[in-house]
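As stored in final-v5.csv (CSV, C-alpha atoms):
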```
chain,number,residue,atom,x,y,z
A,1,GLY,CA,361.0,74.5,106.9
A,2,GLU,CA,360.6,74.5,103.1
A,3,GLY,CA,362.6,71.5,102.3
A,4,GLY,CA,360.1,68.8,103.3
A,5,GLY,CA,358.9,67.0,100.2
A,6,GLY,CA,355.8,65.0,101.2
A,7,GLY,CA,355.6,65.5,104.9
A,8,ALA,CA,352.5,66.5,106.9
A,9,VAL,CA,351.7,70.1,107.2
A,10,VAL,CA,352.0,71.6,110.6
A,11,SER,CA,349.4,74.1,111.8
A,12,GLN,CA,348.4,75.5,115.2
A,13,GLY,CA,344.9,76.0,116.4
A,14,GLY,CA,343.2,74.7,113.2
A,15,ASP,CA,344.8,77.6,111.3
A,16,GLY,CA,345.3,75.4,108.3
A,17,GLN,CA,341.6,75.0,107.7
A,18,GLY,CA,340.8,78.7,107.6
A,19,GLY,CA,341.9,81.9,106.0
A,20,CYS,CA,342.7,81.5,102.3
A,21,GLY,CA,342.4,77.7,102.4
A,22,HIS,CA,344.2,74.8,104.0
A,23,ARG,CA,347.6,73.7,102.9
A,24,ARG,CA,347.9,70.7,100.6
A,25,ALA,CA,350.1,67.8,101.4
A,26,GLY,CA,353.5,68.0,99.8
A,27,GLU,CA,353.8,71.7,99.9
A,28,GLY,CA,356.4,71.6,102.7
A,29,SER,CA,355.4,74.9,104.2
A,30,VAL,CA,355.0,75.2,107.9
A,31,ASP,CA,352.3,77.6,109.0
A,32,HIS,CA,353.2,79.1,112.4
A,33,ALA,CA,350.6,81.1,114.4
A,34,GLY,CA,352.9,84.1,114.7
A,35,GLY,CA,353.9,84.6,111.0
A,36,GLY,CA,355.2,83.0,107.9
A,37,GLY,CA,356.8,79.7,108.2
A,38,GLY,CA,360.1,79.6,106.3
A,39,GLY,CA,361.7,82.5,104.5
A,40,SER,CA,363.3,85.7,105.7
A,41,ASP,CA,361.6,89.1,106.2
A,42,ALA,CA,363.0,90.3,102.9
A,43,SER,CA,361.6,87.2,101.2
A,44,TRP,CA,358.1,87.9,102.5
A,45,CYS,CA,358.4,91.6,101.6
A,46,LEU,CA,359.3,90.7,98.1
A,47,ARG,CA,356.3,88.4,97.8
A,48,PHE,CA,354.0,91.2,99.1
A,49,VAL,CA,355.5,93.7,96.5
A,50,VAL,CA,355.2,91.3,93.6
A,51,MET,CA,351.7,90.3,94.6
A,52,GLY,CA,350.7,93.9,94.8
A,53,LEU,CA,352.2,94.7,91.4
A,54,CYS,CA,350.4,91.7,89.9
A,55,TRP,CA,347.0,92.9,91.3
A,56,LEU,CA,347.8,96.4,90.1
A,57,ALA,CA,348.4,95.2,86.5
A,58,VAL,CA,345.4,92.9,86.4
A,59,SER,CA,343.1,95.7,87.8
A,60,VAL,CA,344.3,98.3,85.3
A,61,LEU,CA,343.9,95.7,82.5
A,62,TYR,CA,340.5,94.5,83.5
A,63,TYR,CA,338.9,97.9,84.0
A,64,GLY,CA,341.1,99.9,81.6
A,65,LEU,CA,340.2,97.7,78.6
A,66,ASP,CA,336.5,98.7,79.1
A,67,PHE,CA,337.5,102.3,78.5
A,68,ALA,CA,340.2,101.7,75.9
A,69,THR,CA,338.0,99.5,73.7
A,70,SER,CA,335.2,102.0,73.2
A,71,HIS,CA,337.8,104.8,72.9
A,72,SER,CA,339.9,103.2,70.1
A,73,GLY,CA,337.4,100.8,68.5
A,74,GLY,CA,335.8,103.3,66.1
A,75,GLY,CA,334.7,106.8,65.7
A,76,GLY,CA,332.7,108.8,63.2
A,77,SER,CA,329.1,109.6,63.4
A,78,THR,CA,328.2,106.2,64.9
A,79,SER,CA,330.7,106.6,67.8
A,80,SER,CA,327.9,106.7,70.4
A,81,ASP,CA,326.4,103.5,69.1
A,82,SER,CA,329.9,101.9,68.9
A,83,LYS,CA,330.6,102.7,72.5
A,84,PHE,CA,327.5,100.8,73.7
A,85,THR,CA,328.2,97.9,71.4
A,86,HIS,CA,331.8,97.7,72.5
A,87,PHE,CA,330.9,97.9,76.2
A,88,ALA,CA,328.4,95.0,75.7
A,89,LEU,CA,331.0,93.0,73.9
A,90,THR,CA,333.6,93.5,76.7
A,91,CYS,CA,331.0,92.4,79.3
A,92,LEU,CA,330.3,89.2,77.2
A,93,ALA,CA,334.1,88.5,77.1
A,94,ASP,CA,334.1,88.2,80.9
A,95,LEU,CA,332.1,84.9,81.0
A,96,PRO,CA,334.5,82.8,78.9
A,97,GLY,CA,337.3,84.4,80.8
A,98,TYR,CA,335.9,83.1,84.1
A,99,LEU,CA,335.5,79.6,82.6
A,100,LEU,CA,339.1,79.7,81.5
A,101,ALA,CA,340.2,80.7,85.0
A,102,TYR,CA,338.3,77.7,86.4
A,103,ALA,CA,339.9,75.4,83.9
A,104,LEU,CA,343.4,76.7,84.6
A,105,ALA,CA,343.0,76.6,88.4
A,106,ALA,CA,341.8,73.0,88.2
A,107,ALA,CA,344.4,71.8,85.7
A,108,PRO,CA,346.7,69.3,87.4
A,109,ARG,CA,349.8,70.4,85.6
A,110,VAL,CA,349.3,74.2,85.7
A,111,GLY,CA,350.3,76.1,88.9
A,112,ARG,CA,348.4,79.2,90.0
A,113,ARG,CA,351.5,81.4,89.5
A,114,ALA,CA,352.1,80.2,86.0
A,115,ALA,CA,348.4,80.5,85.1
A,116,THR,CA,348.2,84.1,86.5
A,117,ALA,CA,351.3,85.2,84.7
A,118,LEU,CA,350.1,83.5,81.5
A,119,THR,CA,346.7,85.2,81.4
A,120,ILE,CA,348.1,88.7,82.4
A,121,GLY,CA,350.9,88.3,79.8
A,122,ALA,CA,348.4,87.2,77.1
A,123,ALA,CA,346.2,90.3,77.9
A,124,GLY,CA,349.1,92.6,77.7
A,125,GLY,CA,350.4,90.9,74.6
A,126,CYS,CA,347.2,91.5,72.8
A,127,LEU,CA,347.6,95.2,73.5
A,128,LEU,CA,351.2,95.3,72.5
A,129,VAL,CA,350.7,93.7,69.1
A,130,THR,CA,347.7,96.0,68.2
A,131,PRO,CA,349.7,99.0,67.0
A,132,ALA,CA,352.0,96.6,65.0
A,133,LEU,CA,349.3,94.6,63.3
A,134,VAL,CA,346.6,97.2,62.6
A,135,PRO,CA,348.7,99.2,60.0
A,136,LEU,CA,349.3,96.0,58.1
A,137,VAL,CA,345.6,95.4,57.2
A,138,PRO,CA,343.4,97.5,55.0
A,139,ALA,CA,342.1,100.7,56.6
A,140,ALA,CA,338.5,99.4,56.6
A,141,ALA,CA,339.5,96.3,58.6
A,142,GLY,CA,341.7,98.2,61.1
A,143,PRO,CA,339.0,99.1,63.7
A,144,GLY,CA,337.7,95.6,63.6
A,145,LEU,CA,341.1,94.1,64.2
A,146,ALA,CA,341.8,96.5,67.1
A,147,LEU,CA,338.4,95.6,68.6
A,148,SER,CA,339.1,91.9,68.3
A,149,LEU,CA,342.5,92.2,70.0
A,150,SER,CA,341.0,94.3,72.7
A,151,LEU,CA,338.3,91.7,73.4
A,152,ALA,CA,340.9,89.0,73.4
A,153,GLY,CA,342.8,91.0,76.0
A,154,LYS,CA,339.7,91.5,78.1
A,155,PHE,CA,339.0,87.7,77.9
A,156,ALA,CA,342.5,86.9,79.2
A,157,ALA,CA,342.4,89.8,81.8
A,158,SER,CA,339.1,88.4,83.2
A,159,ALA,CA,340.7,85.0,83.7
A,160,GLY,CA,343.7,86.7,85.4
A,161,PHE,CA,341.5,88.7,87.6
A,162,VAL,CA,339.9,85.5,89.1
A,163,LEU,CA,343.3,83.7,89.3
A,164,ALA,CA,344.8,86.6,91.2
A,165,TYR,CA,342.4,86.0,94.1
A,166,LEU,CA,343.6,82.4,94.3
A,167,LEU,CA,347.3,83.2,94.1
A,168,PRO,CA,347.8,84.3,97.8
A,169,ALA,CA,346.9,80.8,99.1
A,170,ASP,CA,349.8,79.4,97.1
A,171,ILE,CA,352.6,81.7,98.2
A,172,PHE,CA,351.6,82.7,101.7
A,173,PRO,CA,350.9,80.7,104.9
A,174,THR,CA,347.4,80.9,106.2
A,175,SER,CA,348.4,83.3,109.0
A,176,LEU,CA,349.5,85.9,106.4
A,177,CYS,CA,346.8,85.4,103.7
A,178,GLY,CA,344.5,88.1,105.1
A,179,LEU,CA,347.4,90.6,105.2
A,180,ALA,CA,348.5,89.6,101.7
A,181,ILE,CA,345.0,90.1,100.3
A,182,GLY,CA,344.7,93.5,102.1
A,183,VAL,CA,348.0,94.7,100.6
A,184,ALA,CA,347.1,93.4,97.2
A,185,ASN,CA,343.7,95.2,97.3
A,186,VAL,CA,345.4,98.5,98.0
A,187,PHE,CA,347.4,98.1,94.8
A,188,ALA,CA,344.3,96.9,92.9
A,189,ARG,CA,342.4,100.0,93.9
A,190,LEU,CA,345.2,102.2,92.7
A,191,GLY,CA,344.9,100.4,89.4
A,192,THR,CA,341.1,101.0,89.4
A,193,MET,CA,341.7,104.8,89.9
A,194,LEU,CA,344.2,104.8,87.0
A,195,ALA,CA,341.8,102.9,84.7
A,196,PRO,CA,339.6,105.9,83.6
A,197,LEU,CA,342.7,107.6,82.3
A,198,CYS,CA,342.7,105.1,79.5
A,199,ALA,CA,339.6,106.8,78.1
A,200,SER,CA,341.4,110.1,77.5
A,201,ALA,CA,344.9,108.7,76.7
A,202,PRO,CA,345.9,108.2,73.0
A,203,PRO,CA,345.3,104.6,71.9
A,204,PHE,CA,349.0,104.0,71.3
A,205,VAL,CA,349.8,105.0,74.8
A,206,VAL,CA,347.2,102.6,76.2
A,207,GLN,CA,348.2,99.8,73.9
A,208,VAL,CA,352.0,100.0,74.4
A,209,GLY,CA,352.1,101.5,78.0
A,210,LEU,CA,349.4,99.4,79.5
A,211,GLY,CA,350.3,96.3,77.5
A,212,GLY,CA,354.1,96.6,78.2
A,213,THR,CA,353.5,97.1,81.9
A,214,ALA,CA,351.3,94.1,82.2
A,215,VAL,CA,353.8,91.8,80.4
A,216,VAL,CA,356.6,93.0,82.6
A,217,ILE,CA,354.5,92.4,85.8
A,218,ALA,CA,353.6,89.0,84.6
A,219,ALA,CA,357.2,88.1,84.0
A,220,PHE,CA,358.2,89.3,87.5
A,221,ALA,CA,355.3,87.3,89.0
A,222,MET,CA,356.5,84.1,87.3
A,223,VAL,CA,360.2,84.6,88.1
A,224,LEU,CA,360.2,86.1,91.5
A,225,LEU,CA,357.4,84.3,93.3
A,226,PRO,CA,358.2,80.9,94.8
A,227,ALA,CA,357.6,77.8,92.8
A,228,GLY,CA,357.3,74.1,93.4
A,229,ARG,CA,353.8,73.7,94.7
A,230,SER,CA,351.3,71.7,92.7
A,231,ALA,CA,348.1,73.2,91.3
A,232,ALA,CA,345.0,73.0,93.5
A,233,THR,CA,342.1,70.8,92.6
A,234,PRO,CA,338.5,72.1,93.2
A,235,ALA,CA,338.1,69.6,96.1
A,236,ALA,CA,341.2,71.1,97.8
A,237,ASP,CA,339.9,74.6,97.9
A,238,VAL,CA,337.6,75.5,100.8
```

Represent the supplied structure as structure tokens.
Amino acid sequence: GEGGGGGAVVSQGGDGQGGCGHRRAGEGSVDHAGGGGGGSDASWCLRFVVMGLCWLAVSVLYYGLDFATSHSGGGGSTSSDSKFTHFALTCLADLPGYLLAYALAAAPRVGRRAATALTIGAAGGCLLVTPALVPLVPAAAGPGLALSLSLAGKFAASAGFVLAYLLPADIFPTSLCGLAIGVANVFARLGTMLAPLCASAPPFVVQVGLGGTAVVIAAFAMVLLPAGRSAATPAADV
């Protein structure tokens, strides 16, 4: 059951050592061979849906920002050069994002659900505030501010992309982890197909629509997904 505070984790056939990673002591989740231990069918369906929406949001953010940055960052006669520059900058923003994901995943006081919601929400928030802040600065500084906020969003989205892969191990038993990742990947690929539309959509639509959606999804991921499990340490992930 899910009420056991520090008891041993029960698994059958060595299941706890495979799949998405073994369960940590104190989680209180029983991993049965035939399905999810603890929780009704509706509860598992809710977790699948929220997980899928989370992956959809992070996928649209991660890939969509590549298109949106070059589309809204600057124009004029140097637009071709700007696109190459912006694309290179968004690629460079990935590396610190991956380092942030590692730091959040290894932090003893930060759970994976909170870390994923935080990074997705931060990425969406950067897009949401862009149309509000850009008009407040001089016209010459507007493109630079929009680019900076887009890169900050890509930085957070990169961290959220990595953390999304770790999240199923926290909210599903080992016997359901493979199915959970499969369902999440379907949603993520839908997001990938939608991402190129960011290149032709008006910047305001990308910033408010994409950003607002990401923030809502992050809020749902934080509120609806089960809580109460401690963050994993690097040594606990296999």

Counting only C-alpha atoms, the option among A:Ile217, A:Ala88, A:Leu167, A:Val134 closest to Gly111 in chain A: A:Leu167

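CA of Ala106 in chain A is positioned 26.5 Å from CA of Leu149 in chain A.
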
Within 9 Å of file point (350.3, 94.6, 79.5), counting only C-alpha atoms, expressed as a list in words: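 Residues close enough to count: Ala57, Val58, Leu61, Ile120, Gly121, Ala122, Ala123, Gly124, Gly125, Cys126, Leu127, Leu128, Gln207, Val208, Gly209, Leu210, Gly211, Gly212, Thr213, Ala214, Val215, Val216, Ile217 and Ala218 of chain A.
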
Atomic separation - CA of Val129 in chain A relative to CA of Ala146 in chain A, Å: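 Answer for the CA of Ala146 in chain A to CA of Val129 in chain A separation: 9.5 Å.
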
Show me as an mmCIF file with C-alpha atoms, in the frame of the given file the residues that reach within 12 Å of (342.0, 103.3, 89.0), counting all atoms listed in the file and using the file's own coordinates.
```
data_model
loop_
_atom_site.group_PDB
_atom_site.id
_atom_site.type_symbol
_atom_site.label_atom_id
_atom_site.label_comp_id
_atom_site.auth_asym_id
_atom_site.auth_seq_id
_atom_site.Cartn_x
_atom_site.Cartn_y
_atom_site.Cartn_z
ATOM 1 C CA TRP A 55 347.000 92.900 91.300
ATOM 2 C CA LEU A 56 347.800 96.400 90.100
ATOM 3 C CA ALA A 57 348.400 95.200 86.500
ATOM 4 C CA VAL A 58 345.400 92.900 86.400
ATOM 5 C CA SER A 59 343.100 95.700 87.800
ATOM 6 C CA VAL A 60 344.300 98.300 85.300
ATOM 7 C CA LEU A 61 343.900 95.700 82.500
ATOM 8 C CA TYR A 62 340.500 94.500 83.500
ATOM 9 C CA TYR A 63 338.900 97.900 84.000
ATOM 10 C CA GLY A 64 341.100 99.900 81.600
ATOM 11 C CA LEU A 65 340.200 97.700 78.600
ATOM 12 C CA PHE A 67 337.500 102.300 78.500
ATOM 13 C CA ASN A 185 343.700 95.200 97.300
ATOM 14 C CA VAL A 186 345.400 98.500 98.000
ATOM 15 C CA PHE A 187 347.400 98.100 94.800
ATOM 16 C CA ALA A 188 344.300 96.900 92.900
ATOM 17 C CA ARG A 189 342.400 100.000 93.900
ATOM 18 C CA LEU A 190 345.200 102.200 92.700
ATOM 19 C CA GLY A 191 344.900 100.400 89.400
ATOM 20 C CA THR A 192 341.100 101.000 89.400
ATOM 21 C CA MET A 193 341.700 104.800 89.900
ATOM 22 C CA LEU A 194 344.200 104.800 87.000
ATOM 23 C CA ALA A 195 341.800 102.900 84.700
ATOM 24 C CA PRO A 196 339.600 105.900 83.600
ATOM 25 C CA LEU A 197 342.700 107.600 82.300
ATOM 26 C CA CYS A 198 342.700 105.100 79.500
ATOM 27 C CA ALA A 199 339.600 106.800 78.100
#
```

Might you pull out every residue within 7 Å of Thr116 in chain A, with all atoms listed in the file counted and same-chain residues fewer than 5 positions away left off, and present them as an mmCIF file with C-alpha atoms, in the coordinates of the input?
```
data_model
loop_
_atom_site.group_PDB
_atom_site.id
_atom_site.type_symbol
_atom_site.label_atom_id
_atom_site.label_comp_id
_atom_site.auth_asym_id
_atom_site.auth_seq_id
_atom_site.Cartn_x
_atom_site.Cartn_y
_atom_site.Cartn_z
ATOM 1 C CA GLY A 160 343.700 86.700 85.400
ATOM 2 C CA LEU A 163 343.300 83.700 89.300
ATOM 3 C CA ALA A 164 344.800 86.600 91.200
#
```

Between CA of Ser158 in chain A and CA of Leu92 in chain A - distance in Å to one decimal: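 Those two atoms sit 10.7 Å apart.
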
Which residue of A:Leu224, A:Ala93, A:Leu104, A:Leu136 approaches Ile171 in chain A most closely, using all atoms listed in the file: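 Of all the options, A:Leu224 lies closest to Ile171 in chain A.
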
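The closest residue to Ser43 in chain A, picked from A:Phe172, A:Tyr102, A:Phe161, A:Phe204 and counting all atoms listed in the file, is A:Phe172.
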
Top pick for closest residue to Trp44 in chain A, considering A:Ala180, A:Val223, A:Thr174, A:Ala201 and counting all atoms listed in the file: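 So, comparing all the options, the nearest one is A:Ala180.
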
Among listed residues A:Ile181, A:Leu118, A:Leu151, A:Val137, nearest Leu89 in chain A (using all atoms listed in the file): A:Leu151

Nearest to Gly144 in chain A by atom-to-atom distance, counting all atoms listed in the file, from A:Gly182, A:His86, A:Phe48, A:Pro203: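 Smallest separation from Gly144 in chain A among the options: A:His86.
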